[in-house]
Each structure stands twice: as structure tokens, then as C-alpha cells.
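Pasted below: entry-v6.pdb, PDB, C-alpha atoms.
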```pdb
ATOM      1  CA  MET A  30     297.291   0.869 150.754
ATOM      2  CA  SER A  31     299.949  -0.499 148.447
ATOM      3  CA  PRO A  32     299.555   0.488 144.785
ATOM      4  CA  MET A  33     299.977  -3.188 143.922
ATOM      5  CA  THR A  34     296.864  -4.407 145.780
ATOM      6  CA  PRO A  35     294.081  -5.894 143.596
ATOM      7  CA  SER A  36     291.527  -3.245 144.575
ATOM      8  CA  SER A  37     293.696  -0.442 143.252
ATOM      9  CA  THR A  38     294.801  -2.204 140.065
ATOM     10  CA  THR A  39     291.482  -3.712 138.944
ATOM     11  CA  PRO A  40     290.091  -0.556 137.255
ATOM     12  CA  ILE A  41     293.286  -0.137 135.223
ATOM     13  CA  PHE A  42     293.221  -3.833 134.336
ATOM     14  CA  ILE A  43     289.616  -3.688 133.138
ATOM     15  CA  LYS A  44     290.244  -0.488 131.211
ATOM     16  CA  LYS A  45     293.084  -2.107 129.293
ATOM     17  CA  MET A  46     291.136  -5.308 128.683
ATOM     18  CA  THR A  47     287.695  -4.016 127.675
ATOM     19  CA  LYS A  48     287.113  -3.960 123.933
ATOM     20  CA  TYR A  49     283.366  -4.534 123.608
ATOM     21  CA  ILE A  50     280.521  -2.901 125.512
ATOM     22  CA  LEU A  51     277.385  -5.029 125.305
ATOM     23  CA  VAL A  52     274.265  -3.031 126.102
ATOM     24  CA  ASP A  53     270.582  -3.852 126.479
ATOM     25  CA  VAL A  54     267.832  -1.794 124.799
ATOM     26  CA  HIS A  55     264.557  -1.658 126.747
ATOM     27  CA  GLY A  56     265.066  -0.117 130.171
ATOM     28  CA  VAL A  57     268.703   0.809 129.483
ATOM     29  CA  LEU A  58     268.963   2.590 126.126
ATOM     30  CA  THR A  59     265.315   3.576 126.541
ATOM     31  CA  ARG A  60     263.479   5.233 129.405
ATOM     32  CA  GLY A  61     261.961   1.837 130.132
ATOM     33  CA  ASP A  62     258.292   2.746 130.526
ATOM     34  CA  GLU A  63     257.296   2.135 126.910
ATOM     35  CA  ARG A  64     255.235  -0.997 127.549
ATOM     36  CA  LYS A  65     253.265   0.673 130.331
ATOM     37  CA  LYS A  66     252.581   3.731 128.163
ATOM     38  CA  PHE A  67     251.587   1.502 125.248
ATOM     39  CA  LEU A  68     249.132  -0.471 127.364
ATOM     40  CA  LEU A  69     247.688   2.742 128.791
ATOM     41  CA  GLU A  70     247.204   4.247 125.337
ATOM     42  CA  MET A  71     245.474   1.119 124.111
ATOM     43  CA  SER A  72     243.249   1.255 127.160
ATOM     44  CA  ASP A  73     242.432   4.962 126.792
ATOM     45  CA  LYS A  74     241.870   5.000 123.026
ATOM     46  CA  TYR A  75     240.301   1.614 122.419
ATOM     47  CA  LYS A  76     238.984   0.586 125.859
ATOM     48  CA  ILE A  77     241.194  -2.498 125.877
ATOM     49  CA  ASP A  78     241.526  -3.815 129.410
ATOM     50  CA  TYR A  79     245.019  -2.964 130.678
ATOM     51  CA  ASP A  80     245.535  -6.033 132.878
ATOM     52  CA  GLN A  81     244.135  -8.484 130.339
ATOM     53  CA  HIS A  82     246.286  -6.989 127.593
ATOM     54  CA  ASN A  83     249.368  -7.069 129.803
ATOM     55  CA  SER A  84     248.705 -10.698 130.699
ATOM     56  CA  LEU A  85     248.418 -11.625 127.017
ATOM     57  CA  TRP A  86     251.688  -9.822 126.251
ATOM     58  CA  VAL A  87     253.534 -11.509 129.114
ATOM     59  CA  ASN A  88     252.277 -14.923 128.003
ATOM     60  CA  TYR A  89     253.572 -14.474 124.453
ATOM     61  CA  VAL A  90     256.565 -12.128 124.622
ATOM     62  CA  ASN A  91     259.193 -14.798 125.293
ATOM     63  CA  SER A  92     258.022 -16.842 122.302
ATOM     64  CA  LEU A  93     257.840 -13.699 120.160
ATOM     65  CA  ASP A  94     261.342 -12.670 121.236
ATOM     66  CA  LYS A  95     262.669 -16.051 120.115
ATOM     67  CA  LYS A  96     260.511 -16.079 116.958
ATOM     68  CA  ILE A  97     258.892 -19.317 118.092
ATOM     69  CA  GLU A  98     255.511 -17.623 117.822
ATOM     70  CA  SER A  99     254.835 -15.429 114.804
ATOM     71  CA  SER A 100     253.628 -11.857 115.101
ATOM     72  CA  ASP A 101     250.800 -12.792 112.718
ATOM     73  CA  LYS A 102     249.536 -15.374 115.166
ATOM     74  CA  TYR A 103     249.885 -13.054 118.148
ATOM     75  CA  ILE A 104     247.921 -10.269 116.442
ATOM     76  CA  GLU A 105     245.275 -12.775 115.389
ATOM     77  CA  ILE A 106     244.866 -13.867 119.017
ATOM     78  CA  PHE A 107     244.897 -10.249 120.198
ATOM     79  CA  ASN A 108     242.158  -9.263 117.753
ATOM     80  CA  GLN A 109     240.066 -12.273 118.686
ATOM     81  CA  THR A 110     240.483 -11.578 122.397
ATOM     82  CA  PHE A 111     239.526  -7.917 122.215
ATOM     83  CA  ASP A 112     237.277  -7.963 119.148
ATOM     84  CA  THR A 113     239.540  -5.546 117.268
ATOM     85  CA  ASN A 114     241.059  -5.442 113.794
ATOM     86  CA  PHE A 115     244.645  -4.212 114.226
ATOM     87  CA  SER A 116     247.310  -4.996 111.654
ATOM     88  CA  ILE A 117     250.803  -5.960 112.796
ATOM     89  CA  ASN A 118     252.181  -2.591 111.680
ATOM     90  CA  GLU A 119     249.452  -0.610 113.460
ATOM     91  CA  TYR A 120     249.892  -2.498 116.716
ATOM     92  CA  PHE A 121     253.659  -2.355 116.964
ATOM     93  CA  LYS A 122     253.889   1.210 115.669
ATOM     94  CA  MET A 123     251.857   2.266 118.689
ATOM     95  CA  PHE A 124     254.429   0.496 120.873
ATOM     96  CA  LEU A 125     257.387   2.057 119.059
ATOM     97  CA  ASP A 126     255.814   5.515 119.374
ATOM     98  CA  GLN A 127     256.135   5.232 123.161
ATOM     99  CA  ILE A 128     259.900   4.691 123.149
ATOM    100  CA  VAL A 129     262.013   7.541 124.506
ATOM    101  CA  PRO A 130     265.771   7.066 123.941
ATOM    102  CA  ASN A 131     268.113   7.417 126.902
ATOM    103  CA  GLN A 132     269.991  10.149 125.078
ATOM    104  CA  GLU A 133     272.402  10.817 127.931
ATOM    105  CA  LEU A 134     273.573   7.204 127.952
ATOM    106  CA  LEU A 135     273.838   7.099 124.161
ATOM    107  CA  GLU A 136     276.092  10.148 124.258
ATOM    108  CA  LYS A 137     278.185   8.558 127.003
ATOM    109  CA  LEU A 138     278.638   5.365 124.995
ATOM    110  CA  ASN A 139     279.529   7.336 121.877
ATOM    111  CA  SER A 140     282.266   9.099 123.841
ATOM    112  CA  LEU A 141     284.004   5.789 124.582
ATOM    113  CA  LYS A 142     285.977   5.804 121.351
ATOM    114  CA  GLU A 143     288.255   2.909 122.263
ATOM    115  CA  ASN A 144     285.368   0.476 122.684
ATOM    116  CA  GLU A 145     282.999  -1.144 120.200
ATOM    117  CA  ILE A 146     279.351  -0.854 121.215
ATOM    118  CA  CYS A 147     277.145  -3.893 120.607
ATOM    119  CA  VAL A 148     273.418  -4.071 121.228
ATOM    120  CA  VAL A 149     272.322  -7.307 122.911
ATOM    121  CA  SER A 150     268.567  -7.460 123.352
ATOM    122  CA  ASP A 151     265.671  -9.816 123.942
ATOM    123  CA  ASN A 152     263.482  -8.242 121.289
ATOM    124  CA  LEU A 153     260.900  -9.286 118.737
ATOM    125  CA  ILE A 154     261.542  -8.431 115.111
ATOM    126  CA  ASP A 155     258.604  -6.029 114.790
ATOM    127  CA  LEU A 156     260.091  -3.760 117.475
ATOM    128  CA  SER A 157     263.783  -4.116 116.669
ATOM    129  CA  SER A 158     263.150  -3.249 113.030
ATOM    130  CA  GLY A 159     261.932   0.214 114.046
ATOM    131  CA  LEU A 160     264.694   1.086 116.502
ATOM    132  CA  ASN A 161     267.213   2.468 113.980
ATOM    133  CA  LYS A 162     264.782   5.227 113.024
ATOM    134  CA  ILE A 163     264.134   6.086 116.675
ATOM    135  CA  PHE A 164     267.771   6.098 117.792
ATOM    136  CA  GLY A 165     269.451   7.477 114.691
ATOM    137  CA  PRO A 166     272.528   6.735 112.571
ATOM    138  CA  VAL A 167     275.015   6.089 115.385
ATOM    139  CA  PHE A 168     272.789   3.394 116.856
ATOM    140  CA  GLU A 169     272.295   1.984 113.373
ATOM    141  CA  SER A 170     276.058   1.483 113.103
ATOM    142  CA  TYR A 171     276.214  -0.650 116.255
ATOM    143  CA  GLN A 172     276.581  -4.389 115.805
ATOM    144  CA  LYS A 173     273.346  -5.996 116.997
ATOM    145  CA  PHE A 174     272.457  -9.327 118.537
ATOM    146  CA  TYR A 175     268.699  -9.764 118.847
ATOM    147  CA  SER A 176     267.043 -12.812 120.365
ATOM    148  CA  HIS A 177     264.750 -13.220 117.358
ATOM    149  CA  ASP A 178     267.786 -13.764 115.108
ATOM    150  CA  PHE A 179     269.163 -16.624 117.211
ATOM    151  CA  GLY A 180     266.091 -18.146 118.873
ATOM    152  CA  LEU A 181     267.546 -17.581 122.334
ATOM    153  CA  THR A 182     267.191 -14.921 125.011
ATOM    154  CA  LYS A 183     270.117 -13.604 127.041
ATOM    155  CA  SER A 184     269.366 -15.891 129.972
ATOM    156  CA  GLU A 185     269.086 -18.914 127.662
ATOM    157  CA  GLY A 186     272.318 -18.661 125.670
ATOM    158  CA  LEU A 187     272.340 -15.491 123.575
ATOM    159  CA  LEU A 188     275.284 -14.048 125.501
ATOM    160  CA  LYS A 189     277.359 -17.130 124.775
ATOM    161  CA  ILE A 190     276.510 -16.771 121.075
ATOM    162  CA  VAL A 191     277.591 -13.111 121.212
ATOM    163  CA  LEU A 192     281.016 -14.155 122.487
ATOM    164  CA  GLU A 193     281.291 -16.746 119.708
ATOM    165  CA  LYS A 194     280.235 -14.289 116.988
ATOM    166  CA  LEU A 195     282.635 -11.624 118.244
ATOM    167  CA  LYS A 196     285.367 -14.269 118.506
ATOM    168  CA  THR A 197     286.446 -12.790 121.779
ATOM    169  CA  ASP A 198     287.272 -13.844 125.295
ATOM    170  CA  PRO A 199     284.613 -12.754 127.852
ATOM    171  CA  LYS A 200     287.221 -10.756 129.762
ATOM    172  CA  TYR A 201     287.262  -8.276 126.883
ATOM    173  CA  CYS A 202     283.562  -7.487 127.308
ATOM    174  CA  LEU A 203     281.540  -5.246 129.591
ATOM    175  CA  PHE A 204     277.803  -5.997 129.758
ATOM    176  CA  ILE A 205     275.140  -3.466 130.846
ATOM    177  CA  ASP A 206     271.600  -4.670 131.590
ATOM    178  CA  ASP A 207     268.661  -3.940 133.911
ATOM    179  CA  SER A 208     267.886  -7.610 134.624
ATOM    180  CA  PRO A 209     269.605  -9.179 137.658
ATOM    181  CA  LYS A 210     269.142 -12.596 136.054
ATOM    182  CA  ASN A 211     270.953 -11.526 132.887
ATOM    183  CA  ILE A 212     273.742  -9.948 134.934
ATOM    184  CA  GLU A 213     274.286 -13.229 136.767
ATOM    185  CA  VAL A 214     274.344 -15.172 133.491
ATOM    186  CA  ALA A 215     276.947 -12.756 132.098
ATOM    187  CA  LYS A 216     279.121 -13.095 135.195
ATOM    188  CA  SER A 217     278.876 -16.893 135.029
ATOM    189  CA  LEU A 218     280.381 -16.657 131.529
ATOM    190  CA  GLY A 219     283.236 -14.500 132.807
ATOM    191  CA  ILE A 220     281.864 -11.240 131.377
ATOM    192  CA  ASN A 221     282.297  -8.076 133.434
ATOM    193  CA  ALA A 222     278.763  -6.817 134.086
ATOM    194  CA  LEU A 223     277.089  -3.675 135.425
ATOM    195  CA  PHE A 224     273.493  -3.653 136.635
ATOM    196  CA  PHE A 225     271.680  -0.586 135.304
ATOM    197  CA  GLU A 226     269.591   1.370 137.801
ATOM    198  CA  ASN A 227     270.064   4.918 136.544
ATOM    199  CA  ASN A 228     272.475   6.986 134.469
ATOM    200  CA  GLN A 229     274.134   8.673 137.419
ATOM    201  CA  LYS A 230     275.179   5.439 139.100
ATOM    202  CA  LEU A 231     276.158   3.782 135.820
ATOM    203  CA  PHE A 232     278.344   6.703 134.747
ATOM    204  CA  ILE A 233     280.225   6.601 138.038
ATOM    205  CA  GLU A 234     280.857   2.868 137.538
ATOM    206  CA  ILE A 235     281.850   3.291 133.903
ATOM    207  CA  ASN A 236     284.200   6.159 134.731
ATOM    208  CA  SER A 237     285.895   4.098 137.438
ATOM    209  CA  LEU A 238     286.398   1.213 135.027
ATOM    210  CA  LEU A 239     287.047   2.707 131.618
ATOM    211  CA  THR A 240     288.207   6.322 131.887
TER
END
```
Show me the file's structure as C-alpha cells.
Amino acid sequence: MSPMTPSSTTPIFIKKMTKYILVDVHGVLTRGDERKKFLLEMSDKYKIDYDQHNSLWVNYVNSLDKKIESSDKYIEIFNQTFDTNFSINEYFKMFLDQIVPNQELLEKLNSLKENEICVVSDNLIDLSSGLNKIFGPVFESYQKFYSHDFGLTKSEGLLKIVLEKLKTDPKYCLFIDDSPKNIEVAKSLGINALFFENNQKLFIEINSLLT
């Protein structure tokens, strides 16, 4: 194969072009099972029906992520539904306590010294506000784009806002997410995107593109 063919030159091209790595939180920078563990703990400790609780969460999470619905209102509905008396802090602390950082991926990202790491996450304020403590000072230094700050999720326009805020062309970005829908949205904007399944596969893809 000629060294000038596109397949052999693309990795070098992307390596030279990539400036920003845009990375999701839940399911990528975390182990991804935090909601399940949270629901199970609530069920075990307080006898709150798992499926009913999950259904309530699913019904409200998009509005919470975009700050359309307030956490106060959600907790009020939760307490009414299950005849409980949780405060916002108590409820979301139990969720945050279930988060296990993907330490291997964090270390990999921190090794990519030539790139700026940006967190791009559909996340409600009560969870995102506790992530710096969980992930530590390096994560705290990352530039962050949360859906609750812009009223949009990644599939609804947040990624476009990220490009505008960074004042960059999409070709300078690499996006990592565990949602096929978000990956397709990123690609439609011209952003290079990698679908996250596991660290091993992602590291192979990153190494072929950036190192």
C-alpha cells in the first residue's frame, strides 16, 4: 500500500489536528453502574420499589439535566410518591456515593499532554457539583460543559455550543461518549468521535489516532 493513501495518512492527520478531547462523565469517566447501585440501595435500605423509582427518575432526568425542572420539585414529588422525607442533599449524596471513577481512563487522558480535556455531560447540577471531590484536582481543572448550564443536552445542541465556546473548528476535537445517538450528533457536526465500550478498545483507538 502506498504511504500516500488516505488510510495510512488519516491517523497522522488526526493527531496533528486534534486539540480538544471532549469526554462524557457517566458511563465513560465512571464505571457506569451508579444509577443501578443507587436504586438498589434505596430499595434495600428504605424499601422503595426499584422499578417505580427508576420510572420516576427516567421521567424527570431530561428536565433535571436541562434545569427545566427544579431539584426541589423532583424531591417533593419523590417524597410524596414514596411517603419519605429526603432532603435534596441526602438524596443526591446517596447517588454520588455510588460513583466509581474510571481511574485508568483518567490516567490515560492525563497522559495526553498536547490535548486539552473538556468534560461534556448531560448532568443535573446536584450531581455535577459533587464530581470534583470524587475525581480530584486534575478533573477539577478540566473545562466543563454541563447540560444544566446551557439548557440543552448533547443530542439537542450542547455539542454545538461547546464548539462555539471553545471557538474552534470541529476538526480539532475528538469526542468520547457511550451513547450512539450522541456519537452520531457529533459526527454530523464534523467532530471526530469514538464510541466508548471499554477501556481496552478505547485505548487502542486513541493510540492509533493520537500517539
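Note on the selection: in this file the PyMOL selection byres ((chain A and resi 116) around 12) comes out as A:Ser100, A:Asp101, A:Lys102, A:Tyr103, A:Ile104, A:Glu105, A:Ile106, A:Phe107, A:Asn108, A:Thr113, A:Asn114, A:Phe115, A:Ile117, A:Asn118, A:Glu119, A:Tyr120, A:Phe121, A:Lys122, A:Met123, A:Asp155.
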Could you turn the residues from that selection into a file that holds C-alpha atoms, as a PDB file, keeping the file's coordinate frame?
```pdb
ATOM      1  CA  SER A 100     253.628 -11.857 115.101  1.00  0.00           C
ATOM      2  CA  ASP A 101     250.800 -12.792 112.718  1.00  0.00           C
ATOM      3  CA  LYS A 102     249.536 -15.374 115.166  1.00  0.00           C
ATOM      4  CA  TYR A 103     249.885 -13.054 118.148  1.00  0.00           C
ATOM      5  CA  ILE A 104     247.921 -10.269 116.442  1.00  0.00           C
ATOM      6  CA  GLU A 105     245.275 -12.775 115.389  1.00  0.00           C
ATOM      7  CA  ILE A 106     244.866 -13.867 119.017  1.00  0.00           C
ATOM      8  CA  PHE A 107     244.897 -10.249 120.198  1.00  0.00           C
ATOM      9  CA  ASN A 108     242.158  -9.263 117.753  1.00  0.00           C
ATOM     10  CA  THR A 113     239.540  -5.546 117.268  1.00  0.00           C
ATOM     11  CA  ASN A 114     241.059  -5.442 113.794  1.00  0.00           C
ATOM     12  CA  PHE A 115     244.645  -4.212 114.226  1.00  0.00           C
ATOM     13  CA  ILE A 117     250.803  -5.960 112.796  1.00  0.00           C
ATOM     14  CA  ASN A 118     252.181  -2.591 111.680  1.00  0.00           C
ATOM     15  CA  GLU A 119     249.452  -0.610 113.460  1.00  0.00           C
ATOM     16  CA  TYR A 120     249.892  -2.498 116.716  1.00  0.00           C
ATOM     17  CA  PHE A 121     253.659  -2.355 116.964  1.00  0.00           C
ATOM     18  CA  LYS A 122     253.889   1.210 115.669  1.00  0.00           C
ATOM     19  CA  MET A 123     251.857   2.266 118.689  1.00  0.00           C
ATOM     20  CA  ASP A 155     258.604  -6.029 114.790  1.00  0.00           C
TER      21      ASP A 155
END
```
Sphere at (264.3, -2.1, 114.8), radius 12 Å, counting all atoms listed in the file: residues as a PyMOL selection string: chain A and resi 54-55+121-122+124-125+128+148+150+152-165+168-169+173-175+177
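This file, filtered with the PyMOL selection byres ((chain A and resi 201) around 10), gives the residues Ile43, Lys44, Lys45, Met46, Thr47, Lys48, Tyr49, Ile50, Asn144, Leu192, Thr197, Asp198, Pro199, Lys200, Cys202, Leu203, Gly219, Ile220 and Asn221 of chain A.
When all atoms listed in the file are used to measure the gap to Ile77 in chain A, the shortest distance among A:Asn227, A:Asp207, A:Phe111, A:Lys142 belongs to A:Phe111.
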Just say which residues the PyMOL selection byres ((chain A and resi 181) around 12) picks in this file, as an mmCIF file with C-alpha atoms, in the coordinates of the input.
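In the end it all went to expr-v1.cif:
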```
data_model
loop_
_atom_site.group_PDB
_atom_site.id
_atom_site.type_symbol
_atom_site.label_atom_id
_atom_site.label_comp_id
_atom_site.auth_asym_id
_atom_site.auth_seq_id
_atom_site.Cartn_x
_atom_site.Cartn_y
_atom_site.Cartn_z
ATOM 1 C CA ASN A 91 259.193 -14.798 125.293
ATOM 2 C CA SER A 92 258.022 -16.842 122.302
ATOM 3 C CA LEU A 93 257.840 -13.699 120.160
ATOM 4 C CA ASP A 94 261.342 -12.670 121.236
ATOM 5 C CA LYS A 95 262.669 -16.051 120.115
ATOM 6 C CA LYS A 96 260.511 -16.079 116.958
ATOM 7 C CA ILE A 97 258.892 -19.317 118.092
ATOM 8 C CA VAL A 149 272.322 -7.307 122.911
ATOM 9 C CA SER A 150 268.567 -7.460 123.352
ATOM 10 C CA ASP A 151 265.671 -9.816 123.942
ATOM 11 C CA ASN A 152 263.482 -8.242 121.289
ATOM 12 C CA LEU A 153 260.900 -9.286 118.737
ATOM 13 C CA PHE A 174 272.457 -9.327 118.537
ATOM 14 C CA TYR A 175 268.699 -9.764 118.847
ATOM 15 C CA SER A 176 267.043 -12.812 120.365
ATOM 16 C CA HIS A 177 264.750 -13.220 117.358
ATOM 17 C CA ASP A 178 267.786 -13.764 115.108
ATOM 18 C CA PHE A 179 269.163 -16.624 117.211
ATOM 19 C CA GLY A 180 266.091 -18.146 118.873
ATOM 20 C CA THR A 182 267.191 -14.921 125.011
ATOM 21 C CA LYS A 183 270.117 -13.604 127.041
ATOM 22 C CA SER A 184 269.366 -15.891 129.972
ATOM 23 C CA GLU A 185 269.086 -18.914 127.662
ATOM 24 C CA GLY A 186 272.318 -18.661 125.670
ATOM 25 C CA LEU A 187 272.340 -15.491 123.575
ATOM 26 C CA LEU A 188 275.284 -14.048 125.501
ATOM 27 C CA LYS A 189 277.359 -17.130 124.775
ATOM 28 C CA ILE A 190 276.510 -16.771 121.075
ATOM 29 C CA VAL A 191 277.591 -13.111 121.212
#
```
Could you write range 58-78 of chain A as a compact mmCIF listing (two decimals), keeping the file's coordinate frame, with N, CA, C and O atoms rebuilt where they are missing?
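Saved as selection21.txt:
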```txt
# COMPACT_ATOMS: atom_id res chain seq x y z
N LEU A 58 268.85 1.57 127.17
CA LEU A 58 268.96 2.59 126.13
C LEU A 58 267.64 3.33 125.90
O LEU A 58 267.59 4.29 125.13
N THR A 59 266.59 2.86 126.57
CA THR A 59 265.32 3.58 126.54
C THR A 59 264.94 3.96 127.96
O THR A 59 265.52 3.45 128.93
N ARG A 60 263.92 4.81 128.07
CA ARG A 60 263.48 5.23 129.40
C ARG A 60 262.87 4.08 130.18
O ARG A 60 262.83 4.10 131.42
N GLY A 61 262.38 3.06 129.47
CA GLY A 61 261.96 1.84 130.13
C GLY A 61 260.49 1.73 130.45
O GLY A 61 260.04 0.68 130.92
N ASP A 62 259.72 2.79 130.20
CA ASP A 62 258.29 2.75 130.53
C ASP A 62 257.42 2.59 129.28
O ASP A 62 256.22 2.81 129.32
N GLU A 63 258.03 2.17 128.16
CA GLU A 63 257.30 2.13 126.91
C GLU A 63 256.14 1.13 126.91
O GLU A 63 255.08 1.41 126.35
N ARG A 64 256.33 -0.03 127.54
CA ARG A 64 255.24 -1.00 127.55
C ARG A 64 254.06 -0.46 128.37
O ARG A 64 252.90 -0.59 127.95
N LYS A 65 254.34 0.12 129.50
CA LYS A 65 253.26 0.67 130.33
C LYS A 65 252.51 1.76 129.58
O LYS A 65 251.27 1.79 129.59
N LYS A 66 253.23 2.66 128.91
CA LYS A 66 252.58 3.73 128.16
C LYS A 66 251.77 3.18 126.99
O LYS A 66 250.69 3.69 126.69
N PHE A 67 252.29 2.15 126.35
CA PHE A 67 251.59 1.50 125.25
C PHE A 67 250.27 0.89 125.73
O PHE A 67 249.21 1.10 125.12
N LEU A 68 250.34 0.16 126.82
CA LEU A 68 249.13 -0.47 127.36
C LEU A 68 248.10 0.57 127.79
O LEU A 68 246.89 0.40 127.59
N LEU A 69 248.59 1.67 128.36
CA LEU A 69 247.69 2.74 128.79
C LEU A 69 247.02 3.41 127.60
O LEU A 69 245.82 3.72 127.63
N GLU A 70 247.78 3.62 126.53
CA GLU A 70 247.20 4.25 125.34
C GLU A 70 246.15 3.34 124.71
O GLU A 70 245.08 3.80 124.28
N MET A 71 246.45 2.06 124.65
CA MET A 71 245.47 1.12 124.11
C MET A 71 244.21 1.10 124.95
O MET A 71 243.09 0.98 124.44
N SER A 72 244.39 1.22 126.26
CA SER A 72 243.25 1.25 127.16
C SER A 72 242.43 2.53 126.99
O SER A 72 241.20 2.49 126.91
N ASP A 73 243.12 3.67 126.90
CA ASP A 73 242.43 4.96 126.79
C ASP A 73 241.72 5.12 125.45
O ASP A 73 240.58 5.58 125.39
N LYS A 74 242.41 4.76 124.37
CA LYS A 74 241.87 5.00 123.03
C LYS A 74 240.86 3.95 122.58
O LYS A 74 239.88 4.26 121.89
N TYR A 75 241.11 2.70 122.97
CA TYR A 75 240.30 1.61 122.42
C TYR A 75 239.58 0.79 123.49
O TYR A 75 238.97 -0.23 123.16
N LYS A 76 239.68 1.25 124.75
CA LYS A 76 238.98 0.59 125.86
C LYS A 76 239.39 -0.88 126.01
O LYS A 76 238.59 -1.74 126.38
N ILE A 77 240.65 -1.15 125.72
CA ILE A 77 241.19 -2.50 125.88
C ILE A 77 241.70 -2.66 127.30
O ILE A 77 242.55 -1.87 127.75
N ASP A 78 241.19 -3.64 128.00
CA ASP A 78 241.53 -3.82 129.41
C ASP A 78 243.04 -3.93 129.62
O ASP A 78 243.70 -4.79 129.02
```
